[in-house]
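J.: Contents are mmCIF, C-alpha atoms; file name query-v3.cif:
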data_target
#
loop_
_atom_site.group_PDB
_atom_site.id
_atom_site.type_symbol
_atom_site.label_atom_id
_atom_site.label_comp_id
_atom_site.auth_asym_id
_atom_site.auth_seq_id
_atom_site.Cartn_x
_atom_site.Cartn_y
_atom_site.Cartn_z
ATOM 1 C CA MET A 19 -7.288 -29.329 -22.052
ATOM 2 C CA THR A 20 -10.778 -29.789 -20.682
ATOM 3 C CA GLU A 21 -13.414 -27.344 -21.828
ATOM 4 C CA VAL A 22 -16.613 -26.780 -19.937
ATOM 5 C CA GLY A 23 -19.149 -24.542 -21.609
ATOM 6 C CA GLY A 24 -16.438 -23.146 -23.897
ATOM 7 C CA VAL A 25 -14.089 -22.376 -20.974
ATOM 8 C CA ALA A 26 -10.658 -23.995 -20.746
ATOM 9 C CA ALA A 27 -10.951 -25.375 -17.217
ATOM 10 C CA ASP A 28 -7.246 -26.174 -16.779
ATOM 11 C CA ARG A 29 -6.203 -22.678 -17.843
ATOM 12 C CA LEU A 30 -8.824 -21.099 -15.596
ATOM 13 C CA ARG A 31 -7.703 -23.260 -12.657
ATOM 14 C CA SER A 32 -4.106 -22.148 -13.288
ATOM 15 C CA PHE A 33 -5.103 -18.481 -13.114
ATOM 16 C CA ILE A 34 -7.108 -19.018 -9.938
ATOM 17 C CA GLU A 35 -4.281 -20.918 -8.227
ATOM 18 C CA ARG A 36 -1.726 -18.254 -9.151
ATOM 19 C CA ILE A 37 -3.989 -15.541 -7.766
ATOM 20 C CA GLU A 38 -4.528 -17.526 -4.555
ATOM 21 C CA ARG A 39 -0.770 -17.957 -4.063
ATOM 22 C CA LEU A 40 -0.198 -14.245 -4.563
ATOM 23 C CA GLU A 41 -3.020 -13.416 -2.137
ATOM 24 C CA GLU A 42 -1.320 -15.630 0.467
ATOM 25 C CA GLU A 43 1.996 -13.870 -0.140
ATOM 26 C CA LYS A 44 0.265 -10.492 0.110
ATOM 27 C CA ALA A 45 -1.274 -11.454 3.459
ATOM 28 C CA ALA A 46 2.122 -12.618 4.752
ATOM 29 C CA LEU A 47 3.733 -9.357 3.642
ATOM 30 C CA ALA A 48 0.966 -7.330 5.280
ATOM 31 C CA ALA A 49 1.556 -9.210 8.529
ATOM 32 C CA ASP A 50 5.297 -8.529 8.270
ATOM 33 C CA ILE A 51 4.678 -4.822 7.695
ATOM 34 C CA LYS A 52 2.298 -4.687 10.649
ATOM 35 C CA GLU A 53 4.963 -6.318 12.809
ATOM 36 C CA ILE A 54 7.540 -3.711 11.756
ATOM 37 C CA TYR A 55 5.150 -0.876 12.621
ATOM 38 C CA SER A 56 4.548 -2.491 16.026
ATOM 39 C CA GLU A 57 8.286 -2.765 16.568
ATOM 40 C CA ALA A 58 8.766 0.886 15.622
ATOM 41 C CA LYS A 59 5.959 1.908 17.995
ATOM 42 C CA GLY A 60 7.562 -0.156 20.756
ATOM 43 C CA ASN A 61 10.747 1.824 20.211
ATOM 44 C CA GLY A 62 8.930 5.135 20.670
ATOM 45 C CA PHE A 63 8.330 6.111 17.047
ATOM 46 C CA ASP A 64 5.039 7.629 15.896
ATOM 47 C CA THR A 65 3.649 5.126 13.397
ATOM 48 C CA LYS A 66 1.229 7.636 11.853
ATOM 49 C CA VAL A 67 4.185 9.811 10.898
ATOM 50 C CA ILE A 68 6.130 6.802 9.630
ATOM 51 C CA ARG A 69 3.160 5.879 7.415
ATOM 52 C CA MET A 70 3.069 9.441 6.080
ATOM 53 C CA ILE A 71 6.783 9.322 5.280
ATOM 54 C CA VAL A 72 6.434 5.974 3.515
ATOM 55 C CA ARG A 73 3.556 7.408 1.459
ATOM 56 C CA LEU A 74 5.592 10.548 0.637
ATOM 57 C CA ARG A 75 8.627 8.520 -0.424
ATOM 58 C CA LYS A 76 6.470 6.610 -2.912
ATOM 59 C CA MET A 77 5.415 9.843 -4.580
ATOM 60 C CA ASP A 78 7.166 11.516 -7.468
ATOM 61 C CA GLN A 79 9.098 14.585 -6.285
ATOM 62 C CA SER A 80 7.033 17.009 -8.371
ATOM 63 C CA ASP A 81 3.758 15.503 -7.096
ATOM 64 C CA ARG A 82 5.023 15.710 -3.527
ATOM 65 C CA GLN A 83 6.055 19.357 -3.950
ATOM 66 C CA GLU A 84 2.697 20.214 -5.484
ATOM 67 C CA GLN A 85 0.864 18.544 -2.607
ATOM 68 C CA GLU A 86 3.027 20.365 -0.043
ATOM 69 C CA GLN A 87 2.346 23.709 -1.763
ATOM 70 C CA ILE A 88 -1.396 23.094 -1.745
ATOM 71 C CA LEU A 89 -1.259 22.055 1.914
ATOM 72 C CA ASP A 90 0.694 25.214 2.748
ATOM 73 C CA LEU A 91 -1.836 27.327 0.832
ATOM 74 C CA TYR A 92 -4.765 25.757 2.685
ATOM 75 C CA LYS A 93 -3.035 26.182 6.042
ATOM 76 C CA ARG A 94 -2.400 29.864 5.325
ATOM 77 C CA ALA A 95 -6.012 30.332 4.193
ATOM 78 C CA LEU A 96 -7.188 28.858 7.502
ATOM 79 C CA ASP A 97 -4.507 30.673 9.523
ATOM 80 C CA ILE A 98 -3.050 27.388 10.757
ATOM 81 C CA ASP A 99 0.650 27.288 11.526
#
What would you get if you wrote out this structure as C-alpha coordinates?

T.:
Amino acid sequence: MTEVGGVAADRLRSFIERIERLEEEKAALAADIKEIYSEAKGNGFDTKVIRMIVRLRKMDQSDRQEQEQILDLYKRALDID
(Lines of atoms letter the chains of each structure in order from A and count residues from 1; the text may use other names and numbers.)
(Lines give C-alpha, C1' and ligand atoms only; values in the text may rest on other atoms or scores of the structure.)
Protein backbone atom coordinates (compact mmCIF):
# COMPACT_ATOMS: atom_id res chain seq x y z
CA MET A 1 0.00 0.00 0.00
CA THR A 2 1.43 3.33 -1.06
CA GLU A 3 1.46 6.09 1.52
CA VAL A 4 1.76 9.72 0.59
CA GLY A 5 2.14 12.13 3.47
CA GLY A 6 0.82 9.49 5.88
CA VAL A 7 -2.25 8.76 3.72
CA ALA A 8 -2.86 5.29 2.30
CA ALA A 9 -3.33 6.29 -1.34
CA ASP A 10 -4.78 2.95 -2.50
CA ARG A 11 -7.38 2.94 0.27
CA LEU A 12 -8.28 6.56 -0.41
CA ARG A 13 -8.60 5.84 -4.15
CA SER A 14 -10.91 2.92 -3.33
CA PHE A 15 -13.19 5.16 -1.28
CA ILE A 16 -13.27 7.81 -3.99
CA GLU A 17 -14.06 5.29 -6.73
CA ARG A 18 -16.86 3.72 -4.69
CA ILE A 19 -18.38 7.14 -4.06
CA GLU A 20 -18.13 8.01 -7.76
CA ARG A 21 -19.90 4.78 -8.76
CA LEU A 22 -22.68 5.45 -6.28
CA GLU A 23 -23.02 9.04 -7.52
CA GLU A 24 -23.43 7.68 -11.07
CA GLU A 25 -26.08 5.24 -9.87
CA LYS A 26 -27.83 8.04 -7.98
CA ALA A 27 -27.91 10.20 -11.12
CA ALA A 28 -29.33 7.30 -13.15
CA LEU A 29 -32.01 6.70 -10.53
CA ALA A 30 -32.89 10.39 -10.45
CA ALA A 31 -33.30 10.34 -14.23
CA ASP A 32 -35.53 7.27 -13.98
CA ILE A 33 -37.69 8.94 -11.33
CA LYS A 34 -37.97 12.08 -13.44
CA GLU A 35 -39.09 9.94 -16.38
CA ILE A 36 -41.80 8.29 -14.27
CA TYR A 37 -43.10 11.68 -13.13
CA SER A 38 -43.18 12.81 -16.77
CA GLU A 39 -45.08 9.67 -17.72
CA ALA A 40 -47.57 10.24 -14.90
CA LYS A 41 -48.03 13.87 -15.99
CA GLY A 42 -48.58 12.71 -19.57
CA ASN A 43 -51.36 10.48 -18.29
CA GLY A 44 -53.11 13.41 -16.60
CA PHE A 45 -51.86 13.01 -13.03
CA ASP A 46 -50.82 15.99 -10.93
CA THR A 47 -47.14 15.42 -10.19
CA LYS A 48 -47.08 17.87 -7.28
CA VAL A 49 -49.70 15.77 -5.52
CA ILE A 50 -47.86 12.56 -6.39
CA ARG A 51 -44.69 14.01 -4.84
CA MET A 52 -46.66 14.91 -1.71
CA ILE A 53 -48.04 11.37 -1.46
CA VAL A 54 -44.58 9.85 -1.91
CA ARG A 55 -43.27 12.13 0.85
CA LEU A 56 -46.21 11.22 3.13
CA ARG A 57 -45.73 7.49 2.56
CA LYS A 58 -42.11 7.79 3.69
CA MET A 59 -43.20 9.29 7.00
CA ASP A 60 -43.96 7.36 10.15
CA GLN A 61 -47.73 7.22 10.76
CA SER A 62 -47.53 9.14 14.04
CA ASP A 63 -45.39 11.88 12.44
CA ARG A 64 -47.81 12.11 9.53
CA GLN A 65 -50.81 12.39 11.87
CA GLU A 66 -49.07 15.06 13.92
CA GLN A 67 -48.26 17.05 10.78
CA GLU A 68 -51.86 16.74 9.54
CA GLN A 69 -53.19 17.93 12.91
CA ILE A 70 -50.89 20.95 12.89
CA LEU A 71 -51.88 21.74 9.30
CA ASP A 72 -55.56 21.48 10.25
CA LEU A 73 -54.98 23.76 13.25
CA TYR A 74 -53.23 26.37 11.11
CA LYS A 75 -55.95 26.21 8.46
CA ARG A 76 -58.65 26.74 11.09
CA ALA A 77 -56.68 29.63 12.62
CA LEU A 78 -56.54 31.28 9.18
CA ASP A 79 -60.13 30.32 8.33
CA ILE A 80 -59.00 28.31 5.31
CA ASP A 81 -61.12 25.35 4.28

J.: Return the single residue from A:Lys44, A:Ile68, A:Val25, A:Tyr92 that is closest to Ser56 of chain A, with distances computed using only C-alpha atoms.

T.: A:Ile68

J.: If you take every atom of segment 84-92 of chain A that the file lists and fit an axis-aligned box around them with 5 Å extra on each side, what centre and edge lengths come out in Å to one decimal, as AutoDock Vina command-line options?

T.:
--center_x -0.9 --center_y 22.9 --center_z -1.4 --size_x 17.8 --size_y 18.8 --size_z 18.2

J.: What is the distance, in Å and to one decimal place, between atom CA of Val72 of chain A and atom CA of Ala58 of chain A?

T.: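 We find that atom CA of Val72 of chain A and atom CA of Ala58 of chain A lie 13.3 Å from each other.
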
J.: Kindly give the distance, in Å, that separates atom CA of Val67 of chain A and atom CA of Lys52 of chain A, rounded to a single decimal.

T.: 14.6 Å

J.: Give me, please, the distance in Å between atom CA of Glu57 of chain A and atom CA of Arg73 of chain A, quoted to one decimal.

T.: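 Interatomic distance, atom CA of Glu57 of chain A to atom CA of Arg73 of chain A: 18.8 Å.
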
J.: Name all residues at most 12 Å from Thr20 of chain A (count all atoms listed in the file; drop same-chain ones fewer than 5 positions away) and give them as a list of chain:residue names.

T.: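 Once the nearby chain positions are removed, what remains is A:Val25, A:Ala26, A:Ala27, A:Asp28, A:Arg29, A:Leu30, A:Arg31.
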
J.: With all atoms listed in the file as the atoms that count, which of A:Gly23, A:Thr65, A:Ser80, A:Ile34 lies nearest to Ile51 of chain A?

T.: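 Comparing A:Gly23, A:Thr65, A:Ser80, A:Ile34 against Ile51 of chain A, the winner is A:Thr65.
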
J.: Since the input has fewer atoms than a full residue there, write segment 44-79 of chain A out with N, CA and C atoms, as an mmCIF file, in the frame of the given file.

T.:
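So the final result, stored in part-v8.cif, reads:
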data_model
loop_
_atom_site.group_PDB
_atom_site.id
_atom_site.type_symbol
_atom_site.label_atom_id
_atom_site.label_comp_id
_atom_site.auth_asym_id
_atom_site.auth_seq_id
_atom_site.Cartn_x
_atom_site.Cartn_y
_atom_site.Cartn_z
ATOM 1 N N LYS A 44 0.649 -11.855 -0.256
ATOM 2 C CA LYS A 44 0.265 -10.492 0.110
ATOM 3 C C LYS A 44 -0.130 -10.422 1.580
ATOM 4 N N ALA A 45 -0.874 -11.418 2.048
ATOM 5 C CA ALA A 45 -1.274 -11.454 3.459
ATOM 6 C C ALA A 45 -0.048 -11.605 4.363
ATOM 7 N N ALA A 46 0.902 -12.437 3.959
ATOM 8 C CA ALA A 46 2.122 -12.618 4.752
ATOM 9 C C ALA A 46 2.922 -11.325 4.795
ATOM 10 N N LEU A 47 3.019 -10.635 3.673
ATOM 11 C CA LEU A 47 3.733 -9.357 3.642
ATOM 12 C C LEU A 47 3.037 -8.314 4.512
ATOM 13 N N ALA A 48 1.718 -8.280 4.456
ATOM 14 C CA ALA A 48 0.966 -7.330 5.280
ATOM 15 C C ALA A 48 1.210 -7.600 6.764
ATOM 16 N N ALA A 49 1.275 -8.860 7.135
ATOM 17 C CA ALA A 49 1.556 -9.210 8.529
ATOM 18 C C ALA A 49 2.966 -8.783 8.913
ATOM 19 N N ASP A 50 3.923 -8.958 8.008
ATOM 20 C CA ASP A 50 5.297 -8.529 8.270
ATOM 21 C C ASP A 50 5.385 -7.020 8.449
ATOM 22 N N ILE A 51 4.677 -6.280 7.601
ATOM 23 C CA ILE A 51 4.678 -4.822 7.695
ATOM 24 C C ILE A 51 4.053 -4.379 9.009
ATOM 25 N N LYS A 52 2.956 -5.008 9.378
ATOM 26 C CA LYS A 52 2.298 -4.687 10.649
ATOM 27 C C LYS A 52 3.246 -4.922 11.820
ATOM 28 N N GLU A 53 4.002 -5.998 11.752
ATOM 29 C CA GLU A 53 4.963 -6.318 12.809
ATOM 30 C C GLU A 53 6.060 -5.244 12.898
ATOM 31 N N ILE A 54 6.515 -4.756 11.757
ATOM 32 C CA ILE A 54 7.540 -3.711 11.756
ATOM 33 C C ILE A 54 6.994 -2.427 12.360
ATOM 34 N N TYR A 55 5.761 -2.068 12.020
ATOM 35 C CA TYR A 55 5.150 -0.876 12.621
ATOM 36 C C TYR A 55 5.022 -1.045 14.137
ATOM 37 N N SER A 56 4.646 -2.229 14.583
ATOM 38 C CA SER A 56 4.548 -2.491 16.026
ATOM 39 C C SER A 56 5.907 -2.360 16.698
ATOM 40 N N GLU A 57 6.928 -2.867 16.036
ATOM 41 C CA GLU A 57 8.286 -2.765 16.568
ATOM 42 C C GLU A 57 8.718 -1.309 16.657
ATOM 43 N N ALA A 58 8.420 -0.538 15.620
ATOM 44 C CA ALA A 58 8.766 0.886 15.622
ATOM 45 C C ALA A 58 8.032 1.608 16.751
ATOM 46 N N LYS A 59 6.745 1.293 16.919
ATOM 47 C CA LYS A 59 5.959 1.908 17.995
ATOM 48 C C LYS A 59 6.540 1.540 19.357
ATOM 49 N N GLY A 60 6.961 0.295 19.509
ATOM 50 C CA GLY A 60 7.562 -0.156 20.756
ATOM 51 C C GLY A 60 8.870 0.545 21.067
ATOM 52 N N ASN A 61 9.506 1.088 20.027
ATOM 53 C CA ASN A 61 10.747 1.824 20.211
ATOM 54 C C ASN A 61 10.521 3.326 20.288
ATOM 55 N N GLY A 62 9.252 3.731 20.437
ATOM 56 C CA GLY A 62 8.930 5.135 20.670
ATOM 57 C C GLY A 62 8.668 5.972 19.436
ATOM 58 N N PHE A 63 8.600 5.351 18.261
ATOM 59 C CA PHE A 63 8.330 6.111 17.047
ATOM 60 C C PHE A 63 6.829 6.251 16.821
ATOM 61 N N ASP A 64 6.437 7.355 16.218
ATOM 62 C CA ASP A 64 5.039 7.629 15.896
ATOM 63 C C ASP A 64 4.720 6.946 14.566
ATOM 64 N N THR A 65 3.908 5.910 14.602
ATOM 65 C CA THR A 65 3.649 5.126 13.397
ATOM 66 C C THR A 65 2.810 5.892 12.371
ATOM 67 N N LYS A 66 1.986 6.830 12.814
ATOM 68 C CA LYS A 66 1.229 7.636 11.853
ATOM 69 C C LYS A 66 2.185 8.455 10.997
ATOM 70 N N VAL A 67 3.208 9.008 11.635
ATOM 71 C CA VAL A 67 4.185 9.811 10.898
ATOM 72 C C VAL A 67 5.021 8.910 9.988
ATOM 73 N N ILE A 68 5.374 7.742 10.461
ATOM 74 C CA ILE A 68 6.130 6.802 9.630
ATOM 75 C C ILE A 68 5.316 6.441 8.388
ATOM 76 N N ARG A 69 4.024 6.203 8.562
ATOM 77 C CA ARG A 69 3.160 5.879 7.415
ATOM 78 C C ARG A 69 3.119 7.045 6.429
ATOM 79 N N MET A 70 3.068 8.267 6.946
ATOM 80 C CA MET A 70 3.069 9.441 6.080
ATOM 81 C C MET A 70 4.372 9.523 5.289
ATOM 82 N N ILE A 71 5.489 9.267 5.952
ATOM 83 C CA ILE A 71 6.783 9.322 5.280
ATOM 84 C C ILE A 71 6.875 8.249 4.201
ATOM 85 N N VAL A 72 6.421 7.053 4.511
ATOM 86 C CA VAL A 72 6.434 5.974 3.515
ATOM 87 C C VAL A 72 5.604 6.388 2.299
ATOM 88 N N ARG A 73 4.428 6.966 2.548
ATOM 89 C CA ARG A 73 3.556 7.408 1.459
ATOM 90 C C ARG A 73 4.239 8.511 0.640
ATOM 91 N N LEU A 74 4.904 9.459 1.335
ATOM 92 C CA LEU A 74 5.592 10.548 0.637
ATOM 93 C C LEU A 74 6.750 10.030 -0.210
ATOM 94 N N ARG A 75 7.478 9.056 0.309
ATOM 95 C CA ARG A 75 8.627 8.520 -0.424
ATOM 96 C C ARG A 75 8.216 7.774 -1.682
ATOM 97 N N LYS A 76 6.976 7.286 -1.724
ATOM 98 C CA LYS A 76 6.470 6.610 -2.912
ATOM 99 C C LYS A 76 6.130 7.602 -4.017
ATOM 100 N N MET A 77 5.875 8.837 -3.631
ATOM 101 C CA MET A 77 5.415 9.843 -4.580
ATOM 102 C C MET A 77 6.568 10.390 -5.418
ATOM 103 N N ASP A 78 6.241 10.800 -6.612
ATOM 104 C CA ASP A 78 7.166 11.516 -7.468
ATOM 105 C C ASP A 78 7.471 12.870 -6.808
ATOM 106 N N GLN A 79 8.695 13.348 -6.951
ATOM 107 C CA GLN A 79 9.098 14.585 -6.285
ATOM 108 C C GLN A 79 8.214 15.762 -6.679
#
